[in-house]
Each structure stands twice: as C-alpha cells, then as structure tokens.
$ cat protein.pdb   # PDB, C-alpha atoms and all ligand atoms
MODEL        1
ATOM      1  CA  MET I 106     -15.127  -4.270 -10.146  1.00  0.00           C
ATOM      2  CA  LYS I 107     -12.101  -2.196  -9.221  1.00  0.00           C
ATOM      3  CA  ILE I 108      -8.864  -4.130  -9.515  1.00  0.00           C
ATOM      4  CA  LYS I 109      -6.820  -3.779  -6.347  1.00  0.00           C
ATOM      5  CA  ILE I 110      -3.085  -4.324  -6.097  1.00  0.00           C
ATOM      6  CA  SER I 111      -1.744  -5.673  -2.819  1.00  0.00           C
ATOM      7  CA  PRO I 112       2.061  -5.952  -2.728  1.00  0.00           C
ATOM      8  CA  SER I 113       3.443  -8.691  -0.492  1.00  0.00           C
ATOM      9  CA  LEU I 114       6.272  -7.563   1.761  1.00  0.00           C
ATOM     10  CA  LEU I 115       7.680 -11.108   1.623  1.00  0.00           C
ATOM     11  CA  ALA I 116       9.874 -10.044  -1.288  1.00  0.00           C
ATOM     12  CA  SER I 117      10.911  -6.742   0.297  1.00  0.00           C
ATOM     13  CA  ASP I 118      14.032  -5.813   2.247  1.00  0.00           C
ATOM     14  CA  PHE I 119      13.286  -6.979   5.802  1.00  0.00           C
ATOM     15  CA  SER I 120      16.217  -4.953   7.116  1.00  0.00           C
ATOM     16  CA  ASN I 121      14.325  -1.756   6.293  1.00  0.00           C
ATOM     17  CA  LEU I 122      10.613  -2.440   6.554  1.00  0.00           C
ATOM     18  CA  GLU I 123       9.755   1.183   7.290  1.00  0.00           C
ATOM     19  CA  ARG I 124      11.221   2.252   3.957  1.00  0.00           C
ATOM     20  CA  GLU I 125       9.516  -0.620   2.120  1.00  0.00           C
ATOM     21  CA  VAL I 126       6.133   0.187   3.644  1.00  0.00           C
ATOM     22  CA  ARG I 127       6.538   3.838   2.633  1.00  0.00           C
ATOM     23  CA  ARG I 128       7.609   2.793  -0.853  1.00  0.00           C
ATOM     24  CA  VAL I 129       4.503   0.724  -1.570  1.00  0.00           C
ATOM     25  CA  THR I 130       2.314   3.415  -0.021  1.00  0.00           C
ATOM     26  CA  GLU I 131       3.783   6.155  -2.225  1.00  0.00           C
ATOM     27  CA  ALA I 132       3.538   3.853  -5.238  1.00  0.00           C
ATOM     28  CA  GLY I 133      -0.261   3.797  -4.900  1.00  0.00           C
ATOM     29  CA  ALA I 134      -0.869   0.254  -3.691  1.00  0.00           C
ATOM     30  CA  ASP I 135      -4.399  -0.475  -2.458  1.00  0.00           C
ATOM     31  CA  SER I 136      -3.309  -2.467   0.588  1.00  0.00           C
ATOM     32  CA  ILE I 137      -0.246  -4.250   1.955  1.00  0.00           C
ATOM     33  CA  HIS I 138      -0.158  -8.045   2.108  1.00  0.00           C
ATOM     34  CA  LEU I 139       1.639  -9.509   5.125  1.00  0.00           C
ATOM     35  CA  ASP I 140       2.738 -13.127   4.877  1.00  0.00           C
ATOM     36  CA  VAL I 141       2.831 -14.597   8.359  1.00  0.00           C
ATOM     37  CA  MET I 142       4.447 -18.060   8.507  1.00  0.00           C
ATOM     38  CA  ASP I 143       4.977 -20.294  11.515  1.00  0.00           C
ATOM     39  CA  GLY I 144       7.294 -23.045  10.293  1.00  0.00           C
ATOM     40  CA  ARG I 145       4.545 -25.609  10.895  1.00  0.00           C
ATOM     41  CA  PHE I 146       1.640 -24.914   8.575  1.00  0.00           C
ATOM     42  CA  VAL I 147       4.256 -23.950   5.998  1.00  0.00           C
ATOM     43  CA  PRO I 148       7.977 -24.794   5.976  1.00  0.00           C
ATOM     44  CA  ASN I 149       9.144 -21.225   6.520  1.00  0.00           C
ATOM     45  CA  ILE I 150       9.037 -18.564   9.255  1.00  0.00           C
ATOM     46  CA  THR I 151       8.545 -14.840   8.773  1.00  0.00           C
ATOM     47  CA  PHE I 152       7.207 -12.352  11.310  1.00  0.00           C
ATOM     48  CA  GLY I 153       4.396 -11.910  13.814  1.00  0.00           C
ATOM     49  CA  PRO I 154       2.289  -9.273  15.549  1.00  0.00           C
ATOM     50  CA  ALA I 155       5.197  -7.381  17.154  1.00  0.00           C
ATOM     51  CA  VAL I 156       6.821  -6.681  13.802  1.00  0.00           C
ATOM     52  CA  ILE I 157       3.515  -5.659  12.232  1.00  0.00           C
ATOM     53  CA  LYS I 158       2.848  -3.310  15.148  1.00  0.00           C
ATOM     54  CA  SER I 159       6.260  -1.712  14.641  1.00  0.00           C
ATOM     55  CA  PHE I 160       5.387  -0.393  11.166  1.00  0.00           C
ATOM     56  CA  ARG I 161       1.614   0.030  11.527  1.00  0.00           C
ATOM     57  CA  ALA I 162       1.895   3.798  11.968  1.00  0.00           C
ATOM     58  CA  LYS I 163       4.071   4.232   8.870  1.00  0.00           C
ATOM     59  CA  THR I 164       1.178   3.847   6.433  1.00  0.00           C
ATOM     60  CA  ASP I 165      -2.530   4.577   6.129  1.00  0.00           C
ATOM     61  CA  LEU I 166      -3.050   1.621   3.799  1.00  0.00           C
ATOM     62  CA  PRO I 167      -5.040  -1.361   5.012  1.00  0.00           C
ATOM     63  CA  LEU I 168      -2.769  -4.097   6.347  1.00  0.00           C
ATOM     64  CA  ILE I 169      -3.879  -7.582   5.331  1.00  0.00           C
ATOM     65  CA  GLY I 170      -2.560 -10.377   7.526  1.00  0.00           C
ATOM     66  CA  HIS I 171      -2.335 -13.623   5.543  1.00  0.00           C
ATOM     67  CA  LEU I 172      -1.870 -16.102   8.378  1.00  0.00           C
ATOM     68  CA  MET I 173      -0.126 -19.248   7.194  1.00  0.00           C
ATOM     69  CA  ILE I 174      -0.123 -20.651  10.708  1.00  0.00           C
ATOM     70  CA  GLU I 175      -1.701 -23.587  12.506  1.00  0.00           C
ATOM     71  CA  GLN I 176      -4.592 -22.847  14.865  1.00  0.00           C
ATOM     72  CA  PRO I 177      -4.836 -19.199  13.797  1.00  0.00           C
ATOM     73  CA  GLU I 178      -7.764 -18.763  16.206  1.00  0.00           C
ATOM     74  CA  LEU I 179      -5.268 -18.610  19.074  1.00  0.00           C
ATOM     75  CA  LEU I 180      -3.607 -15.495  17.660  1.00  0.00           C
ATOM     76  CA  VAL I 181      -6.439 -13.636  15.943  1.00  0.00           C
ATOM     77  CA  ARG I 182      -6.702 -11.043  18.698  1.00  0.00           C
ATOM     78  CA  ASP I 183      -2.954 -10.389  18.711  1.00  0.00           C
ATOM     79  CA  PHE I 184      -2.937  -9.674  14.979  1.00  0.00           C
ATOM     80  CA  ALA I 185      -5.983  -7.415  15.277  1.00  0.00           C
ATOM     81  CA  GLU I 186      -4.356  -5.493  18.126  1.00  0.00           C
ATOM     82  CA  ALA I 187      -1.139  -5.227  16.123  1.00  0.00           C
ATOM     83  CA  GLY I 188      -3.088  -3.246  13.547  1.00  0.00           C
ATOM     84  CA  CYS I 189      -4.204  -5.652  10.825  1.00  0.00           C
ATOM     85  CA  ASP I 190      -7.311  -4.362   9.041  1.00  0.00           C
ATOM     86  CA  MET I 191      -8.133  -7.770   7.662  1.00  0.00           C
ATOM     87  CA  ILE I 192      -7.151 -11.191   8.940  1.00  0.00           C
ATOM     88  CA  GLN I 193      -7.091 -14.082   6.494  1.00  0.00           C
ATOM     89  CA  VAL I 194      -6.884 -17.593   7.871  1.00  0.00           C
ATOM     90  CA  HIS I 195      -6.379 -20.807   5.952  1.00  0.00           C
ATOM     91  CA  ALA I 196      -9.406 -23.096   5.752  1.00  0.00           C
ATOM     92  CA  GLU I 197      -6.993 -26.028   6.187  1.00  0.00           C
ATOM     93  CA  ALA I 198      -5.525 -24.601   9.397  1.00  0.00           C
ATOM     94  CA  SER I 199      -8.646 -23.943  11.417  1.00  0.00           C
ATOM     95  CA  VAL I 200     -10.912 -26.865  12.316  1.00  0.00           C
ATOM     96  CA  HIS I 201     -13.811 -24.623  13.377  1.00  0.00           C
ATOM     97  CA  LEU I 202     -13.482 -22.142  10.563  1.00  0.00           C
ATOM     98  CA  HIS I 203     -16.888 -20.543  11.077  1.00  0.00           C
ATOM     99  CA  ARG I 204     -16.067 -19.803  14.714  1.00  0.00           C
ATOM    100  CA  THR I 205     -12.663 -18.404  13.786  1.00  0.00           C
ATOM    101  CA  ILE I 206     -14.331 -16.033  11.326  1.00  0.00           C
ATOM    102  CA  GLN I 207     -16.682 -14.862  14.070  1.00  0.00           C
ATOM    103  CA  GLN I 208     -13.690 -14.276  16.348  1.00  0.00           C
ATOM    104  CA  ILE I 209     -12.027 -12.142  13.692  1.00  0.00           C
ATOM    105  CA  LYS I 210     -15.178 -10.047  13.344  1.00  0.00           C
ATOM    106  CA  GLU I 211     -15.527  -9.677  17.102  1.00  0.00           C
ATOM    107  CA  CYS I 212     -12.095  -8.053  17.038  1.00  0.00           C
ATOM    108  CA  GLY I 213     -13.531  -5.405  14.732  1.00  0.00           C
ATOM    109  CA  VAL I 214     -11.523  -6.302  11.631  1.00  0.00           C
ATOM    110  CA  ALA I 215     -12.467  -7.743   8.256  1.00  0.00           C
ATOM    111  CA  ALA I 216     -12.336 -11.510   7.736  1.00  0.00           C
ATOM    112  CA  GLY I 217     -10.829 -13.457   4.879  1.00  0.00           C
ATOM    113  CA  VAL I 218     -10.260 -17.131   4.166  1.00  0.00           C
ATOM    114  CA  ALA I 219      -7.419 -18.562   2.091  1.00  0.00           C
ATOM    115  CA  ILE I 220      -7.345 -21.941   0.365  1.00  0.00           C
ATOM    116  CA  ASN I 221      -4.371 -23.961  -0.860  1.00  0.00           C
ATOM    117  CA  PRO I 222      -4.194 -25.155  -4.461  1.00  0.00           C
ATOM    118  CA  SER I 223      -5.315 -28.666  -3.454  1.00  0.00           C
ATOM    119  CA  THR I 224      -8.318 -27.480  -1.428  1.00  0.00           C
ATOM    120  CA  PRO I 225     -11.647 -27.555  -3.248  1.00  0.00           C
ATOM    121  CA  LEU I 226     -13.976 -24.583  -3.192  1.00  0.00           C
ATOM    122  CA  CYS I 227     -16.620 -26.529  -1.300  1.00  0.00           C
ATOM    123  CA  ALA I 228     -14.417 -26.094   1.792  1.00  0.00           C
ATOM    124  CA  VAL I 229     -15.476 -22.439   1.935  1.00  0.00           C
ATOM    125  CA  GLU I 230     -18.915 -22.572   0.337  1.00  0.00           C
ATOM    126  CA  ASN I 231     -20.737 -22.480   3.672  1.00  0.00           C
ATOM    127  CA  VAL I 232     -18.829 -19.457   4.992  1.00  0.00           C
ATOM    128  CA  LEU I 233     -18.762 -17.370   1.825  1.00  0.00           C
ATOM    129  CA  GLY I 234     -21.452 -15.045   3.134  1.00  0.00           C
ATOM    130  CA  GLU I 235     -19.489 -14.420   6.332  1.00  0.00           C
ATOM    131  CA  ILE I 236     -16.265 -13.115   4.824  1.00  0.00           C
ATOM    132  CA  GLU I 237     -15.064 -10.041   2.976  1.00  0.00           C
ATOM    133  CA  GLU I 238     -12.416 -11.789   0.896  1.00  0.00           C
ATOM    134  CA  LEU I 239     -11.575 -15.224  -0.462  1.00  0.00           C
ATOM    135  CA  LEU I 240      -7.895 -15.734  -1.207  1.00  0.00           C
ATOM    136  CA  ILE I 241      -7.115 -18.396  -3.774  1.00  0.00           C
ATOM    137  CA  MET I 242      -3.521 -19.605  -3.602  1.00  0.00           C
ATOM    138  CA  THR I 243      -1.963 -20.043  -7.019  1.00  0.00           C
ATOM    139  CA  VAL I 244       1.248 -21.483  -5.538  1.00  0.00           C
ATOM    140  CA  ASN I 245       1.732 -23.749  -2.553  1.00  0.00           C
ATOM    141  CA  PRO I 246       2.189 -21.355   0.361  1.00  0.00           C
ATOM    142  CA  GLY I 247       5.541 -20.904   2.076  1.00  0.00           C
ATOM    143  CA  PHE I 248       7.779 -19.139  -0.384  1.00  0.00           C
ATOM    144  CA  GLY I 249       7.795 -16.240  -2.799  1.00  0.00           C
ATOM    145  CA  GLY I 250       9.014 -16.481  -6.363  1.00  0.00           C
ATOM    146  CA  GLN I 251       7.240 -19.699  -7.334  1.00  0.00           C
ATOM    147  CA  GLU I 252       5.586 -20.430 -10.621  1.00  0.00           C
ATOM    148  CA  PHE I 253       1.893 -19.683 -11.063  1.00  0.00           C
ATOM    149  CA  ILE I 254      -0.239 -22.858 -11.147  1.00  0.00           C
ATOM    150  CA  GLN I 255      -2.328 -22.445 -14.303  1.00  0.00           C
ATOM    151  CA  SER I 256      -4.871 -25.089 -13.311  1.00  0.00           C
ATOM    152  CA  MET I 257      -6.169 -22.706 -10.614  1.00  0.00           C
ATOM    153  CA  LEU I 258      -7.840 -20.508 -13.241  1.00  0.00           C
ATOM    154  CA  PRO I 259     -11.069 -22.557 -13.422  1.00  0.00           C
ATOM    155  CA  LYS I 260     -11.211 -22.485  -9.622  1.00  0.00           C
ATOM    156  CA  ILE I 261     -11.101 -18.685  -9.643  1.00  0.00           C
ATOM    157  CA  ALA I 262     -13.899 -18.624 -12.220  1.00  0.00           C
ATOM    158  CA  ALA I 263     -15.947 -21.107 -10.196  1.00  0.00           C
ATOM    159  CA  ALA I 264     -15.458 -19.024  -7.041  1.00  0.00           C
ATOM    160  CA  ARG I 265     -16.739 -15.904  -8.779  1.00  0.00           C
ATOM    161  CA  LYS I 266     -19.746 -17.841 -10.074  1.00  0.00           C
ATOM    162  CA  MET I 267     -20.439 -19.267  -6.643  1.00  0.00           C
ATOM    163  CA  ALA I 268     -20.383 -15.798  -5.075  1.00  0.00           C
ATOM    164  CA  GLU I 269     -22.591 -14.314  -7.779  1.00  0.00           C
ATOM    165  CA  LYS I 270     -25.087 -17.145  -7.512  1.00  0.00           C
ATOM    166  CA  ALA I 271     -25.318 -16.541  -3.773  1.00  0.00           C
ATOM    167  CA  GLY I 272     -25.674 -12.788  -4.366  1.00  0.00           C
ATOM    168  CA  ILE I 273     -22.501 -12.026  -2.452  1.00  0.00           C
ATOM    169  CA  GLU I 274     -20.235  -9.150  -3.409  1.00  0.00           C
ATOM    170  CA  LEU I 275     -16.962 -10.811  -2.554  1.00  0.00           C
ATOM    171  CA  ASP I 276     -13.383  -9.712  -3.076  1.00  0.00           C
ATOM    172  CA  ILE I 277     -11.524 -12.617  -4.653  1.00  0.00           C
ATOM    173  CA  SER I 278      -7.778 -12.362  -4.375  1.00  0.00           C
ATOM    174  CA  VAL I 279      -5.066 -14.382  -6.021  1.00  0.00           C
ATOM    175  CA  ASP I 280      -1.721 -15.011  -4.365  1.00  0.00           C
ATOM    176  CA  GLY I 281       1.381 -16.502  -5.948  1.00  0.00           C
ATOM    177  CA  GLY I 282       3.179 -16.040  -9.239  1.00  0.00           C
ATOM    178  CA  VAL I 283       1.268 -12.916 -10.220  1.00  0.00           C
ATOM    179  CA  ASN I 284       3.128 -10.976 -12.907  1.00  0.00           C
ATOM    180  CA  LEU I 285       2.404  -9.240 -16.214  1.00  0.00           C
ATOM    181  CA  ASP I 286       1.698 -12.569 -17.929  1.00  0.00           C
ATOM    182  CA  THR I 287      -0.637 -14.014 -15.319  1.00  0.00           C
ATOM    183  CA  CYS I 288      -2.455 -10.933 -13.985  1.00  0.00           C
ATOM    184  CA  ARG I 289      -4.708 -10.614 -17.011  1.00  0.00           C
ATOM    185  CA  LEU I 290      -5.684 -14.299 -16.809  1.00  0.00           C
ATOM    186  CA  VAL I 291      -6.740 -14.123 -13.181  1.00  0.00           C
ATOM    187  CA  VAL I 292      -8.723 -10.930 -13.688  1.00  0.00           C
ATOM    188  CA  GLU I 293     -10.485 -12.447 -16.694  1.00  0.00           C
ATOM    189  CA  ALA I 294     -11.298 -15.488 -14.564  1.00  0.00           C
ATOM    190  CA  GLY I 295     -12.957 -13.250 -11.955  1.00  0.00           C
ATOM    191  CA  ALA I 296     -10.355 -12.169  -9.404  1.00  0.00           C
ATOM    192  CA  ASN I 297     -10.258  -8.504  -8.390  1.00  0.00           C
ATOM    193  CA  VAL I 298      -7.380  -8.391  -5.884  1.00  0.00           C
ATOM    194  CA  LEU I 299      -3.850  -9.153  -7.055  1.00  0.00           C
ATOM    195  CA  VAL I 300      -1.231 -10.055  -4.475  1.00  0.00           C
ATOM    196  CA  ALA I 301       2.264  -9.735  -5.892  1.00  0.00           C
ATOM    197  CA  GLY I 302       5.598 -10.018  -4.148  1.00  0.00           C
ATOM    198  CA  SER I 303       8.546 -10.848  -6.392  1.00  0.00           C
ATOM    199  CA  PHE I 304       7.185  -9.050  -9.435  1.00  0.00           C
ATOM    200  CA  VAL I 305       6.627  -5.807  -7.538  1.00  0.00           C
ATOM    201  CA  PHE I 306       9.923  -5.752  -5.668  1.00  0.00           C
ATOM    202  CA  THR I 307      12.129  -6.807  -8.557  1.00  0.00           C
ATOM    203  CA  ASN I 308      10.570  -4.317 -10.952  1.00  0.00           C
ATOM    204  CA  GLY I 309      10.841  -1.026  -9.135  1.00  0.00           C
ATOM    205  CA  VAL I 310       7.636  -1.117  -7.029  1.00  0.00           C
ATOM    206  CA  GLY I 311       6.022   2.037  -8.505  1.00  0.00           C
ATOM    207  CA  SER I 312       6.507   1.049 -12.131  1.00  0.00           C
ATOM    208  CA  ALA I 313       5.533  -2.556 -11.371  1.00  0.00           C
ATOM    209  CA  ILE I 314       2.233  -1.478  -9.802  1.00  0.00           C
ATOM    210  CA  ALA I 315       1.543   0.883 -12.715  1.00  0.00           C
ATOM    211  CA  GLU I 316       2.287  -1.884 -15.224  1.00  0.00           C
ATOM    212  CA  LEU I 317      -0.011  -4.329 -13.449  1.00  0.00           C
ATOM    213  CA  ARG I 318      -2.798  -1.755 -13.443  1.00  0.00           C
ATOM    214  CA  ALA I 319      -2.246  -0.961 -17.116  1.00  0.00           C
ATOM    215  CA  ARG I 320      -2.308  -4.640 -18.039  1.00  0.00           C
ATOM    216  CA  CYS I 321      -5.445  -5.459 -16.065  1.00  0.00           C
ATOM    217  CA  GLY I 322      -7.440  -2.283 -16.435  1.00  0.00           C
ATOM    218  CA  ASN I 323      -8.186  -0.156 -13.440  1.00  0.00           C
ATOM    219  CA  GLY I 324     -11.889  -0.382 -13.631  1.00  0.00           C
TER     220      GLY I 324
HETATM  221  C1  LIG X   1       3.360 -17.400  -0.504  1.00  0.00           C
HETATM  222  C2  LIG X   1       2.782 -16.077  -0.099  1.00  0.00           C
HETATM  223  C3  LIG X   1       2.679 -15.076  -1.194  1.00  0.00           C
HETATM  224  C4  LIG X   1       3.971 -14.740  -1.836  1.00  0.00           C
HETATM  225  C5  LIG X   1       3.737 -14.295  -3.231  1.00  0.00           C
HETATM  226  O1  LIG X   1       3.294 -18.258   0.572  1.00  0.00           O
HETATM  227  O2  LIG X   1       1.494 -16.239   0.427  1.00  0.00           O
HETATM  228  O3  LIG X   1       2.038 -13.900  -0.730  1.00  0.00           O
HETATM  229  O4  LIG X   1       4.679 -13.747  -1.186  1.00  0.00           O
HETATM  230  O5  LIG X   1       4.967 -14.107  -3.776  1.00  0.00           O
HETATM  231  P1  LIG X   1       5.212 -14.056  -5.323  1.00  0.00           P
HETATM  232  O6  LIG X   1       4.482 -12.868  -5.844  1.00  0.00           O
HETATM  233  O7  LIG X   1       6.680 -13.932  -5.392  1.00  0.00           O
HETATM  234  O8  LIG X   1       4.709 -15.349  -5.898  1.00  0.00           O
HETATM  235 ZN    ZN X   2       0.365 -14.360   0.861  1.00  0.00          ZN
ENDMDL
END
$ encode --input "protein.pdb" --output "structure tokens"
Amino acid sequence: MKIKISPSLLASDFSNLEREVRRVTEAGADSIHLDVMDGRFVPNITFGPAVIKSFRAKTDLPLIGHLMIEQPELLVRDFAEAGCDMIQVHAEASVHLHRTIQQIKECGVAAGVAINPSTPLCAVENVLGEIEELLIMTVNPGFGGQEFIQSMLPKIAAARKMAEKAGIELDISVDGGVNLDTCRLVVEAGANVLVAGSFVFTNGVGSAIAELRARCGNG
C-alpha cells in the first residue's frame, strides 16, 4: 500500500496560510490535514469553513477536514462547500454516526471517521464498509506537539486486520506524535496515511516529508 504523508497545518504559521499551503504542496505532500476545533469537543479553537475556503484555490492537493467538533452533522455541508475533499468526524461526537457518514457522501465528498485513544475499535466496526478512511488518534486531540501513545500500536494492527477480514480496502491514518521514530512503527502496524504537524513544520517541510518517506518506504 502506498504510504501517504498528510501534513497538518496546525503547526504552520497561521499568519501566512497561503504560503504554508504552497510550501506543503511544493514539498510533495499527498494531502493537507486541517484540524478544526470548536473549544467544546476539544479544549482549543482553530478555524472553520471560511478560512478553508480562503486557501482552497491555492493548492490542487486534497484537503482533509478533521472535525474535532461536537455535532459535526450540523456543519458537514459547510465544510464540503468550503472545499474539503474528505470530511472526518469523530465517532464520539456524532450520536448517529451512520447517518452523518451518509450526509457527508451526499455532499459528494469522501467520508472518514476518527477515534480517540480511549475509544475501542468496535465503535466503528459497523461503519467500516461505509468510509474511505479510519483515523486513529495517537494523542488526545486538541493540541499539536504531544507525545505519541505507544499503546495505540496494537489498535492500528487490529484495525488493519478488521478491514482485511471484511475485505475492505481502507486507508488507515494515524494522527499525533508522528516523527522519524514513530512513523516506522505505525506503518509496520498497518497504517498507510501519516498525519504530521510539528515534525514537518519544525524540520523544514520538504526535507521532513522526504525523511518520513525514506524511513517508511514509499511503496
Ligand atoms: C491533534 C491534531 C493533530 C495534530 C498533530 O488534535 O488532530 O492533527 O496537529 O500534531 P503533531 O504532529 O504535532 O502531533
Ligand atoms: Zn488532526
């Protein structure tokens, strides 16, 4: 499976998002990860659809909206219209998760589901066939620069097994604390999409992406 690198703009310079979006695009990222926080589901606030819309035209890369917000179903359409190519909602944040996934698809964009470190895989088992990507949090969501939670590795492996057993070709992404030490571990466990914020933006973006690819194989 091709390993995809998805830099998170959370660690970028918010005062010049156009430049940051261009930087990750020129550096050969596979997509751009957008951390949307509402100050309720997580104790932090970032940006919403209007900001995403403002830089949508600056890149051809897929924009992945990671919605760390309560009741994401109320805003799915706004994020799709802002230009997100995939919308990822938290299983913990949407009571009728299956319906929310259908709403995302009705907007004509890809659907993903994210789960917190404390959420068991069984929370998504019954929707696995409905989504394009499962995002496994390897930190508690809300902030960049946190330490990778090692005990999530078996969960990644179990998710890959679950998908294979069901005959589903699923992208499994890992978000939080991804760096040169941890990237290899998550890929070996079965993840194929690496979200990285701090590591990418504190290590020169282009060289950081190249180093991650070299460490994990590009295959
Ligand atoms: C955390 C976010 C992550 C975060 C990752 O709530 O979902 O995407 O930006 O940042 P690093 O790579 O710094 O752990
Ligand atoms: Zn994220």
$ atom_distance --input "protein.pdb" --atom1 "atom CA of Glu186 of chain I" --atom2 "atom CA of Ile108 of chain I"
28.0 Å
$ residues_near_ligand --input "protein.pdb" --ligand "ligand LIG 1 (chain X)" --cutoff "10 Å" --atoms "only C-alpha atoms and all ligand atoms" --output "VMD selection string"
chain I and resid 111 to 117 138 to 142 147 to 149 171 to 173 219 221 240 to 253 279 to 284 299 to 307
$ write_last_selection --input "protein.pdb" --atoms "C-alpha atoms" --output "short mmCIF file (atom, residue, chain, number, x, y, z; two decimals), keeping the file's coordinate frame"
data_model
loop_
_atom_site.label_atom_id
_atom_site.label_comp_id
_atom_site.auth_asym_id
_atom_site.auth_seq_id
_atom_site.Cartn_x
_atom_site.Cartn_y
_atom_site.Cartn_z
CA SER I 111 -1.74 -5.67 -2.82
CA PRO I 112 2.06 -5.95 -2.73
CA SER I 113 3.44 -8.69 -0.49
CA LEU I 114 6.27 -7.56 1.76
CA LEU I 115 7.68 -11.11 1.62
CA ALA I 116 9.87 -10.04 -1.29
CA SER I 117 10.91 -6.74 0.30
CA HIS I 138 -0.16 -8.04 2.11
CA LEU I 139 1.64 -9.51 5.12
CA ASP I 140 2.74 -13.13 4.88
CA VAL I 141 2.83 -14.60 8.36
CA MET I 142 4.45 -18.06 8.51
CA VAL I 147 4.26 -23.95 6.00
CA PRO I 148 7.98 -24.79 5.98
CA ASN I 149 9.14 -21.22 6.52
CA HIS I 171 -2.34 -13.62 5.54
CA LEU I 172 -1.87 -16.10 8.38
CA MET I 173 -0.13 -19.25 7.19
CA ALA I 219 -7.42 -18.56 2.09
CA ASN I 221 -4.37 -23.96 -0.86
CA LEU I 240 -7.90 -15.73 -1.21
CA ILE I 241 -7.12 -18.40 -3.77
CA MET I 242 -3.52 -19.60 -3.60
CA THR I 243 -1.96 -20.04 -7.02
CA VAL I 244 1.25 -21.48 -5.54
CA ASN I 245 1.73 -23.75 -2.55
CA PRO I 246 2.19 -21.36 0.36
CA GLY I 247 5.54 -20.90 2.08
CA PHE I 248 7.78 -19.14 -0.38
CA GLY I 249 7.80 -16.24 -2.80
CA GLY I 250 9.01 -16.48 -6.36
CA GLN I 251 7.24 -19.70 -7.33
CA GLU I 252 5.59 -20.43 -10.62
CA PHE I 253 1.89 -19.68 -11.06
CA VAL I 279 -5.07 -14.38 -6.02
CA ASP I 280 -1.72 -15.01 -4.36
CA GLY I 281 1.38 -16.50 -5.95
CA GLY I 282 3.18 -16.04 -9.24
CA VAL I 283 1.27 -12.92 -10.22
CA ASN I 284 3.13 -10.98 -12.91
CA LEU I 299 -3.85 -9.15 -7.06
CA VAL I 300 -1.23 -10.06 -4.47
CA ALA I 301 2.26 -9.74 -5.89
CA GLY I 302 5.60 -10.02 -4.15
CA SER I 303 8.55 -10.85 -6.39
CA PHE I 304 7.18 -9.05 -9.44
CA VAL I 305 6.63 -5.81 -7.54
CA PHE I 306 9.92 -5.75 -5.67
CA THR I 307 12.13 -6.81 -8.56
#
$ atom_distance --input "protein.pdb" --atom1 "atom CA of Val126 of chain I" --atom2 "atom CA of Val298 of chain I"
18.6 Å
$ residues_around --input "protein.pdb" --residues "segment 197-207 of chain I" --least-positions-apart "5" --cutoff "12 Å" --atoms "all atoms listed in the file" --output "VMD selection string"
chain I and resid 142 to 143 145 to 147 172 to 182 191 to 192 212 to 226 228 to 238 246
$ residues_around --input "protein.pdb" --residues "Ser312 of chain I" --least-positions-apart "3" --cutoff "12 Å" --atoms "only C-alpha atoms" --output "PDB file with C-alpha atoms, keeping the file's coordinate frame"
ATOM      1  CA  ARG I 128       7.609   2.793  -0.853  1.00  0.00           C
ATOM      2  CA  VAL I 129       4.503   0.724  -1.570  1.00  0.00           C
ATOM      3  CA  GLU I 131       3.783   6.155  -2.225  1.00  0.00           C
ATOM      4  CA  ALA I 132       3.538   3.853  -5.238  1.00  0.00           C
ATOM      5  CA  GLY I 133      -0.261   3.797  -4.900  1.00  0.00           C
ATOM      6  CA  ALA I 134      -0.869   0.254  -3.691  1.00  0.00           C
ATOM      7  CA  LEU I 285       2.404  -9.240 -16.214  1.00  0.00           C
ATOM      8  CA  PHE I 304       7.185  -9.050  -9.435  1.00  0.00           C
ATOM      9  CA  VAL I 305       6.627  -5.807  -7.538  1.00  0.00           C
ATOM     10  CA  PHE I 306       9.923  -5.752  -5.668  1.00  0.00           C
ATOM     11  CA  THR I 307      12.129  -6.807  -8.557  1.00  0.00           C
ATOM     12  CA  ASN I 308      10.570  -4.317 -10.952  1.00  0.00           C
ATOM     13  CA  GLY I 309      10.841  -1.026  -9.135  1.00  0.00           C
ATOM     14  CA  ALA I 315       1.543   0.883 -12.715  1.00  0.00           C
ATOM     15  CA  GLU I 316       2.287  -1.884 -15.224  1.00  0.00           C
ATOM     16  CA  LEU I 317      -0.011  -4.329 -13.449  1.00  0.00           C
ATOM     17  CA  ARG I 318      -2.798  -1.755 -13.443  1.00  0.00           C
ATOM     18  CA  ALA I 319      -2.246  -0.961 -17.116  1.00  0.00           C
TER      19      ALA I 319
END
$ atom_distance --input "protein.pdb" --atom1 "atom CA of Leu168 of chain I" --atom2 "atom CA of Gly311 of chain I"
18.3 Å
$ closest_residue --input "protein.pdb" --among "I:Asn297, I:Ser256, I:Thr287, I:Thr151" --to "ligand ZN 2 (chain X)" --atoms "all atoms listed in the file"
I:Thr151
$ residues_near_point --input "protein.pdb" --point "(2.9, 4.5, 7.9)" --cutoff "10 Å" --atoms "all atoms listed in the file" --output "PyMOL selection string"
chain I and resi 123-124+126-127+130+159-166
$ closest_residue --input "protein.pdb" --among "I:Ile169, I:Leu275, I:Arg320, I:Ile254" --to "ligand ZN 2 (chain X)" --atoms "all atoms listed in the file"
I:Ile169
